[in-house]
$ cat query_10.cif   # mmCIF, C-alpha atoms, pLDDT in the B column; chains and numbers go by the auth columns
data_entry
#
loop_
_atom_site.group_PDB
_atom_site.id
_atom_site.type_symbol
_atom_site.label_atom_id
_atom_site.label_comp_id
_atom_site.label_asym_id
_atom_site.label_seq_id
_atom_site.Cartn_x
_atom_site.Cartn_y
_atom_site.Cartn_z
_atom_site.B_iso_or_equiv
_atom_site.auth_seq_id
_atom_site.auth_asym_id
ATOM 1 C CA MET A 1 20.001 -31.019 -0.059 91.00 179 A
ATOM 2 C CA ALA A 2 20.327 -28.119 2.361 92.00 180 A
ATOM 3 C CA ALA A 3 16.614 -27.416 1.897 90.00 181 A
ATOM 4 C CA THR A 4 15.831 -31.107 2.401 92.00 182 A
ATOM 5 C CA ARG A 5 17.811 -31.264 5.632 92.00 183 A
ATOM 6 C CA GLN A 6 16.040 -28.157 6.897 93.00 184 A
ATOM 7 C CA ALA A 7 12.643 -29.672 6.100 90.00 185 A
ATOM 8 C CA LEU A 8 13.548 -32.908 7.876 93.00 186 A
ATOM 9 C CA SER A 9 14.747 -30.967 10.907 94.00 187 A
ATOM 10 C CA GLU A 10 11.539 -28.940 11.077 95.00 188 A
ATOM 11 C CA ALA A 11 9.551 -32.174 10.812 93.00 189 A
ATOM 12 C CA GLY A 12 11.505 -33.691 13.699 95.00 190 A
ATOM 13 C CA LEU A 13 13.111 -36.297 11.460 94.00 191 A
ATOM 14 C CA GLY A 14 16.706 -37.292 10.866 90.00 192 A
ATOM 15 C CA GLU A 15 18.601 -37.956 7.649 89.00 193 A
ATOM 16 C CA GLY A 16 18.105 -41.656 8.214 92.00 194 A
ATOM 17 C CA VAL A 17 14.668 -41.408 6.583 95.00 195 A
ATOM 18 C CA LEU A 18 15.993 -40.075 3.252 94.00 196 A
ATOM 19 C CA GLY A 19 15.753 -43.524 1.696 94.00 197 A
ATOM 20 C CA ASP A 20 11.989 -43.447 2.318 94.00 198 A
ATOM 21 C CA VAL A 21 11.434 -39.964 0.864 93.00 199 A
ATOM 22 C CA TYR A 22 9.808 -39.395 -2.534 94.00 200 A
ATOM 23 C CA ALA A 23 10.890 -35.947 -3.672 94.00 201 A
ATOM 24 C CA GLY A 24 9.325 -33.512 -6.118 94.00 202 A
ATOM 25 C CA ILE A 25 12.114 -31.054 -6.876 94.00 203 A
ATOM 26 C CA GLY A 26 11.770 -27.757 -8.736 91.00 204 A
ATOM 27 C CA LEU A 27 14.917 -26.013 -9.948 88.00 205 A
ATOM 28 C CA ALA A 28 15.687 -22.951 -12.011 81.00 206 A
ATOM 29 C CA GLY A 29 17.647 -23.660 -15.177 79.00 207 A
ATOM 30 C CA THR A 30 16.313 -27.132 -15.995 81.00 208 A
ATOM 31 C CA GLY A 31 15.920 -25.984 -19.604 75.00 209 A
ATOM 32 C CA HIS A 32 19.645 -25.294 -19.977 80.00 210 A
ATOM 33 C CA LEU A 33 21.549 -27.656 -22.226 83.00 211 A
ATOM 34 C CA GLY A 34 22.679 -30.712 -20.293 90.00 212 A
ATOM 35 C CA ALA A 35 20.930 -29.742 -17.058 88.00 213 A
ATOM 36 C CA ARG A 36 18.183 -32.348 -17.120 87.00 214 A
ATOM 37 C CA GLN A 37 20.590 -35.111 -18.110 90.00 215 A
ATOM 38 C CA ALA A 38 22.852 -34.181 -15.205 92.00 216 A
ATOM 39 C CA LEU A 39 19.922 -34.271 -12.791 92.00 217 A
ATOM 40 C CA GLU A 40 18.701 -37.622 -14.041 89.00 218 A
ATOM 41 C CA THR A 41 22.152 -39.161 -13.501 92.00 219 A
ATOM 42 C CA TRP A 42 22.597 -37.645 -10.007 93.00 220 A
ATOM 43 C CA ARG A 43 23.027 -40.374 -7.394 93.00 221 A
ATOM 44 C CA HIS A 44 20.599 -38.807 -4.935 94.00 222 A
ATOM 45 C CA PRO A 45 19.758 -40.333 -1.537 95.00 223 A
ATOM 46 C CA PHE A 46 15.975 -40.402 -2.013 96.00 224 A
ATOM 47 C CA ALA A 47 13.748 -43.395 -2.648 94.00 225 A
ATOM 48 C CA LYS A 48 12.825 -41.603 -5.878 94.00 226 A
ATOM 49 C CA ALA A 49 13.135 -38.031 -7.147 94.00 227 A
ATOM 50 C CA TRP A 50 11.459 -36.188 -10.001 94.00 228 A
ATOM 51 C CA PHE A 51 12.768 -32.917 -11.415 93.00 229 A
ATOM 52 C CA GLU A 52 10.967 -30.050 -13.105 90.00 230 A
ATOM 53 C CA GLY A 53 11.479 -26.330 -13.492 87.00 231 A
ATOM 54 C CA ASP A 54 10.648 -24.197 -10.479 86.00 232 A
ATOM 55 C CA GLY A 55 7.987 -22.437 -12.553 87.00 233 A
ATOM 56 C CA TYR A 56 6.217 -25.725 -13.174 88.00 234 A
ATOM 57 C CA LEU A 57 5.955 -26.408 -9.445 92.00 235 A
ATOM 58 C CA ALA A 58 4.692 -22.863 -8.860 92.00 236 A
ATOM 59 C CA TRP A 59 1.970 -23.520 -11.446 92.00 237 A
ATOM 60 C CA LEU A 60 1.064 -26.864 -9.854 93.00 238 A
ATOM 61 C CA GLY A 61 0.720 -25.214 -6.465 94.00 239 A
ATOM 62 C CA ALA A 62 -1.199 -22.227 -7.788 95.00 240 A
ATOM 63 C CA PHE A 63 -3.987 -24.256 -9.397 94.00 241 A
ATOM 64 C CA GLY A 64 -3.614 -27.759 -7.995 92.00 242 A
ATOM 65 C CA GLY A 65 -2.791 -28.970 -11.494 87.00 243 A
ATOM 66 C CA GLU A 66 -5.908 -27.428 -13.022 92.00 244 A
ATOM 67 C CA GLU A 67 -5.928 -25.064 -15.969 92.00 245 A
ATOM 68 C CA GLY A 68 -4.468 -21.603 -15.549 94.00 246 A
ATOM 69 C CA GLY A 69 -1.371 -19.500 -15.998 95.00 247 A
ATOM 70 C CA ILE A 70 1.122 -17.936 -13.630 96.00 248 A
ATOM 71 C CA VAL A 71 3.548 -15.054 -13.745 97.00 249 A
ATOM 72 C CA VAL A 72 6.568 -15.592 -11.530 94.00 250 A
ATOM 73 C CA CYS A 73 7.867 -12.481 -9.750 95.00 251 A
ATOM 74 C CA GLY A 74 11.074 -13.477 -8.007 93.00 252 A
ATOM 75 C CA THR A 75 14.776 -13.242 -8.722 93.00 253 A
ATOM 76 C CA GLY A 76 13.707 -13.798 -12.317 91.00 254 A
ATOM 77 C CA SER A 77 10.362 -13.485 -14.076 93.00 255 A
ATOM 78 C CA ILE A 78 8.388 -15.586 -16.535 92.00 256 A
ATOM 79 C CA GLY A 79 4.822 -16.208 -17.617 93.00 257 A
ATOM 80 C CA ILE A 80 3.772 -19.860 -17.932 91.00 258 A
ATOM 81 C CA THR A 81 0.695 -21.962 -18.562 89.00 259 A
ATOM 82 C CA TYR A 82 0.872 -25.753 -18.800 79.00 260 A
ATOM 83 C CA LYS A 83 -2.613 -27.222 -18.852 76.00 261 A
ATOM 84 C CA GLY A 84 -3.707 -28.130 -22.358 73.00 262 A
ATOM 85 C CA ARG A 85 -0.505 -26.776 -23.865 76.00 263 A
ATOM 86 C CA THR A 86 2.749 -25.346 -22.589 81.00 264 A
ATOM 87 C CA ILE A 87 3.278 -21.642 -23.169 88.00 265 A
ATOM 88 C CA ARG A 88 6.239 -19.622 -21.929 89.00 266 A
ATOM 89 C CA VAL A 89 6.357 -15.847 -22.097 93.00 267 A
ATOM 90 C CA GLY A 90 9.657 -14.159 -21.333 92.00 268 A
ATOM 91 C CA GLY A 91 11.997 -15.764 -18.828 87.00 269 A
ATOM 92 C CA TYR A 92 14.937 -15.977 -21.226 86.00 270 A
ATOM 93 C CA GLY A 93 17.370 -15.164 -18.457 86.00 271 A
ATOM 94 C CA PHE A 94 18.923 -12.073 -16.957 90.00 272 A
ATOM 95 C CA PRO A 95 20.034 -9.565 -18.223 92.00 273 A
ATOM 96 C CA VAL A 96 18.482 -10.034 -21.675 92.00 274 A
ATOM 97 C CA SER A 97 15.071 -10.847 -20.179 92.00 275 A
ATOM 98 C CA ASP A 98 13.405 -11.334 -16.765 94.00 276 A
ATOM 99 C CA GLU A 99 11.825 -7.880 -16.843 96.00 277 A
ATOM 100 C CA GLY A 100 10.056 -6.909 -13.616 97.00 278 A
ATOM 101 C CA SER A 101 12.125 -9.360 -11.576 97.00 279 A
ATOM 102 C CA GLY A 102 14.264 -8.752 -8.517 97.00 280 A
ATOM 103 C CA ALA A 103 17.376 -8.843 -10.689 97.00 281 A
ATOM 104 C CA HIS A 104 15.835 -6.303 -13.072 97.00 282 A
ATOM 105 C CA ILE A 105 14.910 -4.002 -10.169 98.00 283 A
ATOM 106 C CA GLY A 106 18.417 -4.304 -8.715 98.00 284 A
ATOM 107 C CA LEU A 107 20.063 -3.510 -12.048 98.00 285 A
ATOM 108 C CA ASN A 108 17.911 -0.421 -12.519 97.00 286 A
ATOM 109 C CA ALA A 109 18.622 0.679 -8.952 97.00 287 A
ATOM 110 C CA ILE A 110 22.362 0.555 -9.579 97.00 288 A
ATOM 111 C CA ARG A 111 21.941 2.396 -12.868 97.00 289 A
ATOM 112 C CA TYR A 112 19.950 5.105 -11.100 97.00 290 A
ATOM 113 C CA ALA A 113 22.556 5.430 -8.359 97.00 291 A
ATOM 114 C CA LEU A 114 25.340 5.804 -10.917 96.00 292 A
ATOM 115 C CA ARG A 115 23.404 8.556 -12.683 96.00 293 A
ATOM 116 C CA THR A 116 23.316 10.525 -9.444 95.00 294 A
ATOM 117 C CA LEU A 117 27.114 10.456 -9.297 93.00 295 A
ATOM 118 C CA ASP A 118 27.485 12.422 -12.502 90.00 296 A
ATOM 119 C CA GLY A 119 24.493 14.685 -12.019 92.00 297 A
ATOM 120 C CA ARG A 120 22.008 13.033 -14.370 94.00 298 A
ATOM 121 C CA ALA A 121 19.687 12.288 -11.443 92.00 299 A
ATOM 122 C CA THR A 122 19.112 13.931 -8.076 91.00 300 A
ATOM 123 C CA SER A 123 21.047 12.336 -5.244 91.00 301 A
ATOM 124 C CA THR A 124 18.874 10.734 -2.558 92.00 302 A
ATOM 125 C CA ALA A 125 19.369 8.615 0.543 92.00 303 A
ATOM 126 C CA PHE A 126 18.272 5.677 -1.589 93.00 304 A
ATOM 127 C CA ALA A 127 21.046 6.249 -4.133 95.00 305 A
ATOM 128 C CA LYS A 128 23.630 6.897 -1.426 95.00 306 A
ATOM 129 C CA GLU A 129 22.865 3.591 0.315 96.00 307 A
ATOM 130 C CA ILE A 130 23.406 1.703 -2.914 96.00 308 A
ATOM 131 C CA LEU A 131 26.616 3.560 -3.722 96.00 309 A
ATOM 132 C CA GLU A 132 27.990 2.905 -0.241 96.00 310 A
ATOM 133 C CA ARG A 133 28.043 -0.788 -1.119 95.00 311 A
ATOM 134 C CA PHE A 134 30.632 0.129 -3.753 96.00 312 A
ATOM 135 C CA SER A 135 32.535 2.842 -1.837 95.00 313 A
ATOM 136 C CA SER A 136 30.829 5.341 -4.189 94.00 314 A
ATOM 137 C CA ASP A 137 33.331 4.318 -6.865 96.00 315 A
ATOM 138 C CA PRO A 138 32.066 3.487 -10.388 96.00 316 A
ATOM 139 C CA ALA A 139 35.206 1.415 -10.973 96.00 317 A
ATOM 140 C CA VAL A 140 34.181 -0.858 -8.110 97.00 318 A
ATOM 141 C CA VAL A 141 30.705 -1.205 -9.622 96.00 319 A
ATOM 142 C CA ILE A 142 32.197 -2.157 -12.983 96.00 320 A
ATOM 143 C CA ARG A 143 34.510 -4.742 -11.447 97.00 321 A
ATOM 144 C CA TRP A 144 31.630 -6.211 -9.397 97.00 322 A
ATOM 145 C CA SER A 145 29.339 -6.378 -12.449 96.00 323 A
ATOM 146 C CA GLU A 146 31.835 -8.503 -14.372 96.00 324 A
ATOM 147 C CA THR A 147 31.050 -11.512 -12.186 96.00 325 A
ATOM 148 C CA ALA A 148 27.722 -10.579 -10.540 96.00 326 A
ATOM 149 C CA SER A 149 24.845 -13.044 -10.965 95.00 327 A
ATOM 150 C CA ALA A 150 21.124 -12.385 -11.198 94.00 328 A
ATOM 151 C CA THR A 151 20.902 -13.250 -7.505 95.00 329 A
ATOM 152 C CA ASP A 152 23.560 -10.643 -6.696 97.00 330 A
ATOM 153 C CA TYR A 153 21.564 -7.964 -8.518 97.00 331 A
ATOM 154 C CA ALA A 154 18.303 -9.113 -6.942 97.00 332 A
ATOM 155 C CA ALA A 155 19.766 -8.479 -3.476 96.00 333 A
ATOM 156 C CA PHE A 156 19.470 -4.741 -4.188 97.00 334 A
ATOM 157 C CA ALA A 157 15.706 -5.074 -4.667 97.00 335 A
ATOM 158 C CA ALA A 158 15.360 -5.206 -0.868 96.00 336 A
ATOM 159 C CA ILE A 159 16.859 -1.701 -0.663 97.00 337 A
ATOM 160 C CA VAL A 160 14.422 -0.469 -3.302 97.00 338 A
ATOM 161 C CA ILE A 161 11.457 -1.984 -1.460 97.00 339 A
ATOM 162 C CA ARG A 162 12.476 -0.476 1.873 97.00 340 A
ATOM 163 C CA HIS A 163 12.941 3.030 0.489 97.00 341 A
ATOM 164 C CA ALA A 164 9.715 2.803 -1.480 97.00 342 A
ATOM 165 C CA ALA A 165 7.885 1.931 1.747 96.00 343 A
ATOM 166 C CA GLU A 166 9.389 5.073 3.263 96.00 344 A
ATOM 167 C CA GLY A 167 7.971 7.151 0.414 95.00 345 A
ATOM 168 C CA GLU A 168 11.127 7.654 -1.668 95.00 346 A
ATOM 169 C CA PRO A 169 9.866 8.592 -5.186 95.00 347 A
ATOM 170 C CA ALA A 170 12.826 7.169 -7.118 95.00 348 A
ATOM 171 C CA ALA A 171 12.499 3.787 -5.393 96.00 349 A
ATOM 172 C CA THR A 172 8.725 3.789 -5.858 97.00 350 A
ATOM 173 C CA ASN A 173 9.169 4.501 -9.555 97.00 351 A
ATOM 174 C CA LEU A 174 11.426 1.456 -9.909 97.00 352 A
ATOM 175 C CA LEU A 175 8.706 -0.744 -8.406 98.00 353 A
ATOM 176 C CA ARG A 176 6.089 0.814 -10.677 98.00 354 A
ATOM 177 C CA ASP A 177 8.274 0.137 -13.697 97.00 355 A
ATOM 178 C CA ALA A 178 8.711 -3.480 -12.635 98.00 356 A
ATOM 179 C CA ALA A 179 4.968 -3.834 -12.070 98.00 357 A
ATOM 180 C CA VAL A 180 4.256 -2.607 -15.605 98.00 358 A
ATOM 181 C CA HIS A 181 6.496 -5.370 -16.973 98.00 359 A
ATOM 182 C CA ILE A 182 4.765 -7.975 -14.807 98.00 360 A
ATOM 183 C CA ALA A 183 1.408 -6.705 -16.062 98.00 361 A
ATOM 184 C CA GLY A 184 2.696 -7.115 -19.615 97.00 362 A
ATOM 185 C CA LEU A 185 3.607 -10.736 -18.940 97.00 363 A
ATOM 186 C CA THR A 186 0.167 -11.282 -17.403 97.00 364 A
ATOM 187 C CA GLU A 187 -1.666 -9.839 -20.406 97.00 365 A
ATOM 188 C CA ALA A 188 0.475 -11.901 -22.771 96.00 366 A
ATOM 189 C CA VAL A 189 -0.340 -15.152 -20.953 95.00 367 A
ATOM 190 C CA LEU A 190 -4.051 -14.281 -20.978 95.00 368 A
ATOM 191 C CA ALA A 191 -3.864 -13.428 -24.677 94.00 369 A
ATOM 192 C CA ARG A 192 -2.359 -16.858 -25.364 91.00 370 A
ATOM 193 C CA GLY A 193 -5.454 -18.563 -23.967 90.00 371 A
ATOM 194 C CA ALA A 194 -4.967 -18.952 -20.213 92.00 372 A
ATOM 195 C CA PRO A 195 -8.418 -18.650 -18.567 92.00 373 A
ATOM 196 C CA ARG A 196 -6.917 -17.129 -15.415 94.00 374 A
ATOM 197 C CA VAL A 197 -3.547 -15.911 -14.199 96.00 375 A
ATOM 198 C CA ALA A 198 -2.037 -15.753 -10.707 97.00 376 A
ATOM 199 C CA LEU A 199 1.085 -13.915 -9.602 97.00 377 A
ATOM 200 C CA VAL A 200 3.538 -16.004 -7.585 95.00 378 A
ATOM 201 C CA GLY A 201 6.935 -15.374 -6.044 93.00 379 A
ATOM 202 C CA GLY A 202 8.592 -13.365 -3.337 93.00 380 A
ATOM 203 C CA LEU A 203 8.027 -9.950 -4.920 96.00 381 A
ATOM 204 C CA VAL A 204 4.274 -10.243 -5.434 96.00 382 A
ATOM 205 C CA GLU A 205 3.239 -8.376 -2.285 96.00 383 A
ATOM 206 C CA PHE A 206 5.505 -5.446 -3.203 97.00 384 A
ATOM 207 C CA LEU A 207 4.615 -5.227 -6.898 97.00 385 A
ATOM 208 C CA LYS A 208 0.915 -6.027 -6.785 96.00 386 A
ATOM 209 C CA PRO A 209 -0.118 -2.577 -5.414 96.00 387 A
ATOM 210 C CA HIS A 210 1.509 -1.032 -8.496 97.00 388 A
ATOM 211 C CA ILE A 211 -0.058 -3.329 -11.113 97.00 389 A
ATOM 212 C CA PRO A 212 -2.273 -1.247 -13.475 96.00 390 A
ATOM 213 C CA ALA A 213 -5.917 -1.521 -12.410 97.00 391 A
ATOM 214 C CA ALA A 214 -7.133 -3.100 -15.659 96.00 392 A
ATOM 215 C CA THR A 215 -4.685 -5.989 -15.295 97.00 393 A
ATOM 216 C CA ALA A 216 -5.123 -6.293 -11.535 97.00 394 A
ATOM 217 C CA ALA A 217 -8.845 -6.881 -12.054 96.00 395 A
ATOM 218 C CA ARG A 218 -8.049 -9.944 -14.175 96.00 396 A
ATOM 219 C CA LEU A 219 -5.780 -11.634 -11.635 97.00 397 A
ATOM 220 C CA THR A 220 -6.756 -14.559 -9.458 96.00 398 A
ATOM 221 C CA GLU A 221 -5.252 -15.653 -6.149 96.00 399 A
ATOM 222 C CA PRO A 222 -3.067 -18.793 -6.179 96.00 400 A
ATOM 223 C CA LEU A 223 -4.308 -21.735 -4.125 95.00 401 A
ATOM 224 C CA ALA A 224 -0.880 -22.574 -2.720 94.00 402 A
ATOM 225 C CA ASP A 225 2.841 -22.124 -3.298 92.00 403 A
ATOM 226 C CA ALA A 226 5.569 -23.985 -5.167 91.00 404 A
ATOM 227 C CA MET A 227 6.330 -26.205 -2.158 91.00 405 A
ATOM 228 C CA ALA A 228 2.768 -27.503 -2.337 94.00 406 A
ATOM 229 C CA GLY A 229 3.378 -28.024 -6.043 94.00 407 A
ATOM 230 C CA GLY A 230 6.436 -30.144 -5.326 94.00 408 A
ATOM 231 C CA ILE A 231 4.489 -32.323 -2.925 94.00 409 A
ATOM 232 C CA LEU A 232 1.685 -32.703 -5.460 94.00 410 A
ATOM 233 C CA MET A 233 4.137 -33.658 -8.206 94.00 411 A
ATOM 234 C CA ALA A 234 5.765 -36.317 -6.036 94.00 412 A
ATOM 235 C CA LYS A 235 2.353 -37.757 -5.130 94.00 413 A
ATOM 236 C CA GLU A 236 1.189 -37.789 -8.745 92.00 414 A
ATOM 237 C CA ARG A 237 4.368 -39.345 -10.144 92.00 415 A
ATOM 238 C CA ARG A 238 4.476 -41.922 -7.362 91.00 416 A
ATOM 239 C CA GLY A 239 0.826 -42.747 -8.008 86.00 417 A
ATOM 240 C CA LEU A 240 1.486 -43.289 -11.717 79.00 418 A
ATOM 241 C CA GLU A 241 4.356 -45.643 -10.941 77.00 419 A
ATOM 242 C CA LEU A 242 2.124 -47.644 -8.606 75.00 420 A
ATOM 243 C CA GLY A 243 -0.685 -47.655 -11.159 67.00 421 A
ATOM 244 C CA ALA A 244 -2.960 -45.678 -8.830 55.00 422 A
#
$ encode --input "query_10.cif" --output "structure tokens"
Amino acid sequence: MAATRQALSEAGLGEGVLGDVYAGIGLAGTGHLGARQALETWRHPFAKAWFEGDGYLAWLGAFGGEEGGIVVCGTGSIGITYKGRTIRVGGYGFPVSDEGSGAHIGLNAIRYALRTLDGRATSTAFAKEILERFSSDPAVVIRWSETASATDYAAFAAIVIRHAAEGEPAATNLLRDAAVHIAGLTEAVLARGAPRVALVGGLVEFLKPHIPAATAARLTEPLADAMAGGILMAKERRGLELGA
């Protein structure tokens, strides 16, 4: 709803129009037990709302609903293709999966920083900045990790990206490692029959330069983003209801 209010504000509209809005909503976690049922019973303020996973909307936007696969590079990661048949590669949730994601990069950054404390890795400005967030105390890291979410870990990816841009080798290596995982997801989606694959998500511009050349040559550019996918979904579902 916060995102909806922001969109209405940017469009110069007030909340009084919510009853006339047809919403295509993409959310992470729609595959979790009970999630879809909870969404379907939500007493939302829209004229009508349809819910799908955020990956589905990213796919819709990337190819306008035509055949193809995507690899999401954001807080989490997953490879998906929907046209013809639904295929999911990875994306089982952090920390057991989501390799190459922002959360994965953040976790590895913290691990690297901790290794510098006990001499298993060379201390750098990159490691020191991360450790400063925890008063350079492993006990604080442990306590934080007991409740930290994937989003909390992903926040450290910004530090990695900044230091990599400044030429820090350890930070650059973390991005290269993530890019290798994203390339693996891409190759897996292609191997499962997707005729083309696009990378989508907030980390694409930072990981794409590190994607191995053989995989990079097989990538295609997405047509649009997940917001465009949400609009397209709302139009399509509304059209079906009207018999259009």
$ axis_aligned_box --input "query_10.cif" --around "stretch 290-308 of chain A" --padding-each-side "6 Å" --output "lines of an AutoDock Vina configuration file"
center_x = 22.9
center_y = 8.2
center_z = -6.9
size_x = 21.2
size_y = 25.0
size_z = 26.9
$ atom_distance --input "query_10.cif" --atom1 "atom CA of A:Ile256" --atom2 "atom CA of A:Ala216"
23.6 Å
$ resolve_selection --input "query_10.cif" --expression "the PyMOL selection byres ((chain A and resi 376) around 7)" --output "PyMOL selection string"
chain A and resi 247-249+374-375+377-378+397-400
$ closest_atom_pairs --input "query_10.cif" --of "stretch 289-406 of chain A" --to "stretch 186-206 of chain A" --cutoff "12 Å" --atoms "only C-alpha atoms" --output "tab-separated table"
residue	atom	partner	partner_atom	distance
A:Ala328	CA	A:Ala206	CA	11.9
A:Thr329	CA	A:Ala206	CA	11.9
A:Asp403	CA	A:Gly204	CA	11.9
A:Ala404	CA	A:Gly204	CA	8.1
A:Met405	CA	A:Gly204	CA	8.7
A:Ala406	CA	A:Gly202	CA	9.7
$ resolve_selection --input "query_10.cif" --expression "the PyMOL selection byres ((chain A and resi 266-271) around 12)" --output "PyMOL selection string"
chain A and resi 206-207+209-210+231-234+237+247-260+263-265+272-279+281-282+327-329+359-360+362-372
$ closest_residue --input "query_10.cif" --among "A:Ala236, A:Ala412, A:Leu418, A:Ala357" --to "A:Thr393" --atoms "all atoms listed in the file"
A:Ala357
$ atom_distance --input "query_10.cif" --atom1 "atom CA of A:Ile283" --atom2 "atom CA of A:Gly380"
13.2 Å
$ closest_residue --input "query_10.cif" --among "A:Gly284, A:Pro387, A:Gly212, A:Gly243" --to "A:Gly407" --atoms "all atoms listed in the file"
A:Gly243
$ resolve_selection --input "query_10.cif" --expression "the PyMOL selection byres ((chain A and resi 411) around 8)" --output "PyMOL selection string"
chain A and resi 202+228+235+238+407-410+412-415
$ atom_distance --input "query_10.cif" --atom1 "atom CA of A:Pro373" --atom2 "atom CA of A:Val358"
20.7 Å
